[in-house]
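One structure below.
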There are 4 protein chains.
Amino acid sequence: MPAQPDASAIYSYLGPVGTFTWTALNQAPDAAGHEWRSVNNVGEALDDVISGRSVGAMIAIENSVEGGVSATQDALASIPGLRITGEYLVRVDFDLVARPGTALADVTTVAAHPVAYAQTHLWLDKTVPTHAHLPATSNVAAPTALLGDSPADAAVAPHGITQHLALETLAEHIGDNTNAVTRFVMVSRSGRIPERTGADKTSIIVELPSDAAGSLLDMLEQFATRGVNMSLLESRPIGDELGRYRFVIDLDGHVHDERVADALLGLKRFSPRVTFLGSYPRADRKPVVPENRYRDEVFIEARDWLRGILSGEPDAGDVDAGVAPGQHGAADQGPQAG
Amino acid sequence: MPAQPDASAIYSYLGPVGTFTWTALNQAPDAAGHEWRSVNNVGEALDDVISGRSVGAMIAIENSVEGGVSATQDALASIPGLRITGEYLVRVDFDLVARPGTALADVTTVAAHPVAYAQTHLWLDKTVPTHAHLPATSNVAAPTALLGDSPADAAVAPHGITQHLALETLAEHIGDNTNAVTRFVMVSRSGRIPERTGADKTSIIVELPSDAAGSLLDMLEQFATRGVNMSLLESRPIGDELGRYRFVIDLDGHVHDERVADALLGLKRFSPRVTFLGSYPRADRKPVVPENRYRDEVFIEARDWLRGILSGEPDAGDVDAGVAPGQHGAADQGPQAG
Amino acid sequence: MPAQPDASAIYSYLGPVGTFTWTALNQAPDAAGHEWRSVNNVGEALDDVISGRSVGAMIAIENSVEGGVSATQDALASIPGLRITGEYLVRVDFDLVARPGTALADVTTVAAHPVAYAQTHLWLDKTVPTHAHLPATSNVAAPTALLGDSPADAAVAPHGITQHLALETLAEHIGDNTNAVTRFVMVSRSGRIPERTGADKTSIIVELPSDAAGSLLDMLEQFATRGVNMSLLESRPIGDELGRYRFVIDLDGHVHDERVADALLGLKRFSPRVTFLGSYPRADRKPVVPENRYRDEVFIEARDWLRGILSGEPDAGDVDAGVAPGQHGAADQGPQAG
Amino acid sequence: MPAQPDASAIYSYLGPVGTFTWTALNQAPDAAGHEWRSVNNVGEALDDVISGRSVGAMIAIENSVEGGVSATQDALASIPGLRITGEYLVRVDFDLVARPGTALADVTTVAAHPVAYAQTHLWLDKTVPTHAHLPATSNVAAPTALLGDSPADAAVAPHGITQHLALETLAEHIGDNTNAVTRFVMVSRSGRIPERTGADKTSIIVELPSDAAGSLLDMLEQFATRGVNMSLLESRPIGDELGRYRFVIDLDGHVHDERVADALLGLKRFSPRVTFLGSYPRADRKPVVPENRYRDEVFIEARDWLRGILSGEPDAGDVDAGVAPGQHGAADQGPQAG
């Protein structure tokens, strides 16, 4: 990190050092070599971006086991002026850590954030059957407390925390689901859209016009009729009453892809509110290859065809075969005509 | 009709004087005061237009009882360079006519075009039970033959034919279906599209990409997702093998309506062949009023919204509510993040 | 044909001997060895069936060039008590025939049914450029008239007519489209449905509930959501006013196929009128193989599953994995619950 | 509660007395007068039901602000043998409570479950700006701790907790969203389905067959083509990898409603896994009135119609109008037939 922090290049993240968010930020090329600002929650991180204190915030948006991160989704739905510019994946991997000298057999009280506790519960029940749970406010707060006067003997912490704290690892990889992954996004102020790479995602949030059966179907048809695939569809309550939802959606493709742009137009005409959250390269770099009928060229040809018709060009919008007129229509039209 | 026919203002029609097509041509304001050219079938009429011998051809396209006029639909599907510029409705109304002095009781042989015969069959069976049918090549050829050496005693003819031929009417309105109506269209060379009036129709012919179940559904969804209603859907065999069809379609609205233009784009991307036959005022002058979500303004707003996003305007594509950032996202993100 | 006609086994057809319908009847195994009754039109043929004079009627229903046979489709739509039991394909193949001794160069007047004339028009124009057309009431009436006092020198007739009439062939295969095929169906009184063969067709006629945009889409979705393909979709005017249609539909499969039966149920609930015209073996004997998800077993399994739920069986309708309860739901429910 | 607990009538709930779940249980007529068993989380509550220790468990399933309760949804998706039998709504209403004698001005440390803290955060920041947050394991654990040796001065607790604990209320209704409601469900072992009341809900969990674009659309069409409305659609990660979801769905109507049963059949044929969670009366008692075309009678009529066809009844599946045969089909079939 530079000695003299450049205000225009500070990145906010849910800290402190050692959190999964910090791990995600380590993957972001933009953030390398700049100042990183540790904050306490997604609200503070986004405030930093909105206020200009930071140029970017790394925030968790979805977990493979827990689902969408509600706080993030709701914040992105309601705070104007934000744009996602990249995505990053981090394995959710927990260790059990303790003060130097503590043995696993000594552990009676385990500090853990409630959700981390839920995700290591099977392992703890089996390995430390008689333990008590002491809730912590965050995954790094749990082990950090061991360095203070916490009554806990051990803490559930992100894997690798002992690189940052003077603690020892009692057991590694204690998560009940070893495939759990969290998806993070880098969020900046609106503006320039990252270049199309051919392996992109577009994130939007959509409200439906009414509770009428079929309005969700209408929405999905906007994508289906343009060959646009969805990789994420989350419903979130709008919050004013039960039964009213908005949808957090990730589309395969970039807003510079004709089919994606056209689907957004269709959606915008239909929905009372569409929030464009950004187009950005996919974390997995997997190319998005549309069916032939949805390629850019097909959209462009169709527009050229229609433009020809509207401009009154002779033969525009016509059949293309050069059939000799004499070959047609010799059949009698019958008494409706004659 | 002018003494010196202006080549650029000749109109072709299925003649001779007195046919239903002639009646339709009398309704067309453009044709009034110009030369009318009688031809023998729809093929000749369209050849006149293609070759430039005529500026317009009046042709029958659909009958309320018999359905689409196949010869017309197939000719419009295969001859390039044509455009429909107006539509006209004519009641299909038949009389039984005879040489002066003939009484109904004298009638033993009735000249009639086969289709006209089918449409007056119930009346003839009841009124002239022992008659024989002598087929004629057209509705006006049937009565005209009575003036020559035809063995027929009477003829089925368009109502009002006695204004043009020295014959007498034995019975009026003898059609079995008194509501039968034929729809005619004026066809010209491609070029300028008639102004949008708000009560317009757009005619197209569409081939489907394959026989796959669902491709027709795909086609209809192009209209349904833009709120475009169809007033005509006729399938016609493409003719190369059983089971391959093209569709003759009339849409409510004008190609200058955003929703119609957008539906045509969607259709064009999807279909191997879309023939634009024209946008023109409806014969019934009934205004086409789309649902609010399909009005032109909605399409324009959506484009403006997308343009803002693509241009990188700050806050474009965002939620519009001015929510204070501090009100959001204070909830903890849990161990996926921290 | 038997010496003593068995009234219960008479078959009606559009005659006389030599018509395309007669050729189709020769293909029908049921009709072999029984009395065949020649009639003048589809109406008479169907009347024979309805009245019990015949056990079957062979009628043309669709042509690969001309499309659906309107008279047949409209008759099937409105006469109750009929059922299609088989389909047969006949090539539409015309010859030019004349009295013995006539040379092609002698021909000046050609007798032909108007539609046959339309279908041989290009050949006639090229080969007998100065000919006149004398309309005939049917394809066999045209050559038959040559044996009487017709002023015609030649006639357009079904290929092979000289096996039945003392005429000579001037030219064979003169149709402008050499692939033209007509599809015929055998029609009987309602009753027993032909066995399912695995290569079947089901014919229905459907009216739509209203002119509302989307009702046709609703109809097609009844097929699409059950994986039922359509091989024919013809619109026919209902006849009371312009813009009101019924649809003549052929489905791939047999009413004994679960997916077809279920689609018919869906259709029946939705349409003001569905006419079941029959399930019968396809003329081309091509097997209909549905996608796995639409096989009979899948329908039966689903019904068994639902029956279990409705009967209150323990665990019916449940997840099938035997997950130990203790592995779930340890996560805290948060303050909404506690 | 009875002096001698009847093992067959114990109800489990997230306790202790005073939780929102306890309030929900007070609304359940079945539970009145029976023993209530306080448990620590949804997993224990469902284990009680599965093991037979309890006949029912009251659990939170959805919150109007926070959305679906993931732990409940995931447990219902994976534990076999459960059935929802009723739903209950409870306002999420918080008070700030303290030991007797404490004034609001004295408060420096507030005990609160992290989610309760998030939901009262705006009020606390405004009213007690300099407070510290001490996390608690549950909403009742927070105030209960005040009776022990907790360093906290006050606690966020469910409204009304002072009826159960010897504490005093410093402020009522301190939730940031005063409309927040939590929906609870009573869960029992599979078996008898509650009677249809006309104001019912059906809950299911559905997995989609693949990630293919359009499979969600297929699912929604199963409902749309039967006029079945959804009041809840939540996506939950299946948990094995990012991008794989199951859907938690509430339908309007009862499985004894024909349209609902038919939609479930359609869904079952299509989905690799459908879990039926139950049909039960809606908490709001609002009647579900389907469109006419989706009423039970319409389904029954359609089945009777099809049964007539399959049984070979004469005239079954036919047009119903008694049209005289002679009125039809007199039109010539043309050269395709004759």
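Each chain of the structure tokens is named A, B, ... in the order shown, its residues numbered from 1; ligands are numbered from 1 in display order.
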
Using only C-alpha atoms, I'd like every residue of chain A that has an atom within 8 Å of chain D; please write them out as a compact mmCIF listing (two decimals) with N, CA and C atoms, in the first residue's frame.
```txt
# COMPACT_ATOMS: atom_id res chain seq x y z
N ASN A 63 -24.12 -16.42 -1.63
CA ASN A 63 -23.37 -17.55 -1.14
C ASN A 63 -24.00 -18.83 -1.67
N SER A 64 -23.16 -19.80 -2.00
CA SER A 64 -23.67 -21.01 -2.65
C SER A 64 -24.55 -21.84 -1.71
N VAL A 65 -24.41 -21.63 -0.41
CA VAL A 65 -25.23 -22.38 0.53
C VAL A 65 -26.36 -21.52 1.10
N GLU A 66 -26.02 -20.30 1.50
CA GLU A 66 -26.98 -19.44 2.17
C GLU A 66 -27.87 -18.67 1.21
N GLY A 67 -27.45 -18.55 -0.05
CA GLY A 67 -28.23 -17.78 -1.00
C GLY A 67 -27.78 -16.34 -1.06
N SER A 70 -28.95 -10.67 1.66
CA SER A 70 -30.09 -9.77 1.61
C SER A 70 -29.69 -8.31 1.77
N PRO A 114 -22.94 -15.98 14.63
CA PRO A 114 -24.03 -16.98 14.57
C PRO A 114 -24.11 -17.75 13.26
N PRO A 135 -21.74 -15.92 21.07
CA PRO A 135 -21.86 -15.21 19.78
C PRO A 135 -20.89 -14.05 19.64
N ALA A 136 -20.41 -13.86 18.40
CA ALA A 136 -19.51 -12.74 18.11
C ALA A 136 -20.13 -11.90 17.01
N THR A 137 -19.66 -10.66 16.87
CA THR A 137 -20.27 -9.77 15.88
C THR A 137 -19.73 -9.99 14.47
N ASN A 179 -17.80 -27.25 -0.17
CA ASN A 179 -17.87 -26.57 -1.47
C ASN A 179 -18.41 -25.16 -1.38
N ALA A 180 -18.70 -24.71 -0.21
CA ALA A 180 -19.34 -23.41 -0.08
C ALA A 180 -18.47 -22.31 -0.66
N VAL A 181 -19.07 -21.47 -1.45
CA VAL A 181 -18.37 -20.36 -2.12
C VAL A 181 -19.18 -19.10 -1.92
N ALA A 212 -50.50 -9.56 -10.49
CA ALA A 212 -51.25 -10.41 -11.41
C ALA A 212 -50.44 -11.65 -11.76
N ALA A 213 -51.13 -12.79 -11.74
CA ALA A 213 -50.50 -14.01 -12.23
C ALA A 213 -50.03 -13.70 -13.63
N GLY A 214 -48.85 -14.13 -13.95
CA GLY A 214 -48.42 -13.95 -15.32
C GLY A 214 -47.45 -12.80 -15.50
N LEU A 217 -44.10 -14.27 -15.58
CA LEU A 217 -43.98 -14.97 -16.85
C LEU A 217 -43.64 -13.97 -17.96
N LEU A 220 -39.98 -13.11 -17.73
CA LEU A 220 -39.06 -14.14 -18.20
C LEU A 220 -39.10 -14.25 -19.72
N GLU A 221 -40.27 -13.97 -20.29
CA GLU A 221 -40.37 -14.03 -21.76
C GLU A 221 -39.53 -12.95 -22.43
N ALA A 224 -36.39 -14.88 -22.62
CA ALA A 224 -36.47 -16.09 -23.44
C ALA A 224 -36.58 -15.75 -24.93
N GLY A 227 -33.18 -15.06 -26.21
CA GLY A 227 -32.11 -16.03 -25.96
C GLY A 227 -31.14 -15.63 -24.88
N VAL A 228 -31.62 -14.86 -23.92
CA VAL A 228 -30.75 -14.41 -22.83
C VAL A 228 -30.96 -15.32 -21.62
N ASN A 229 -29.92 -15.95 -21.17
CA ASN A 229 -30.00 -16.86 -20.02
C ASN A 229 -29.82 -16.11 -18.71
N MET A 230 -30.48 -16.60 -17.66
CA MET A 230 -30.32 -16.03 -16.33
C MET A 230 -29.45 -16.96 -15.50
N SER A 231 -28.45 -16.42 -14.83
CA SER A 231 -27.68 -17.28 -13.92
C SER A 231 -28.08 -17.05 -12.47
N LEU A 232 -28.84 -16.01 -12.22
CA LEU A 232 -29.33 -15.75 -10.86
C LEU A 232 -30.72 -15.15 -10.93
N LEU A 233 -31.62 -15.68 -10.15
CA LEU A 233 -32.93 -15.05 -9.97
C LEU A 233 -33.26 -15.16 -8.50
N GLU A 234 -33.23 -14.04 -7.82
CA GLU A 234 -33.57 -14.03 -6.40
C GLU A 234 -34.77 -13.11 -6.22
N SER A 235 -35.71 -13.55 -5.45
CA SER A 235 -36.80 -12.64 -5.09
C SER A 235 -36.48 -12.01 -3.75
N ARG A 236 -36.75 -10.74 -3.62
CA ARG A 236 -36.57 -10.03 -2.36
C ARG A 236 -37.85 -9.28 -2.07
N PRO A 237 -38.32 -9.31 -0.85
CA PRO A 237 -39.52 -8.53 -0.55
C PRO A 237 -39.22 -7.05 -0.72
N ILE A 238 -40.16 -6.33 -1.30
CA ILE A 238 -39.99 -4.88 -1.43
C ILE A 238 -40.05 -4.26 -0.04
N GLY A 239 -40.81 -4.91 0.84
CA GLY A 239 -40.74 -4.52 2.25
C GLY A 239 -41.95 -3.78 2.73
N ASP A 240 -42.80 -3.32 1.79
CA ASP A 240 -43.96 -2.55 2.24
C ASP A 240 -45.10 -3.46 2.72
N GLU A 241 -45.22 -4.63 2.09
CA GLU A 241 -46.23 -5.59 2.55
C GLU A 241 -45.85 -6.99 2.09
N LEU A 242 -46.42 -8.02 2.73
CA LEU A 242 -46.16 -9.39 2.31
C LEU A 242 -46.67 -9.59 0.88
N GLY A 243 -45.91 -10.32 0.09
CA GLY A 243 -46.41 -10.67 -1.23
C GLY A 243 -45.96 -9.74 -2.34
```

For Ala28 of chain C, find every residue with an atom within 10 Å (counting only C-alpha atoms), except residues of its own chain fewer than 3 positions away, and show them as an MDAnalysis selection string. chainID C and resid 23:25 31:32 58 86:88 185:186

Between atom CA of Ala75 of chain A and atom CA of Gly33 of chain A, what is the spacing in Å? 27.9 Å
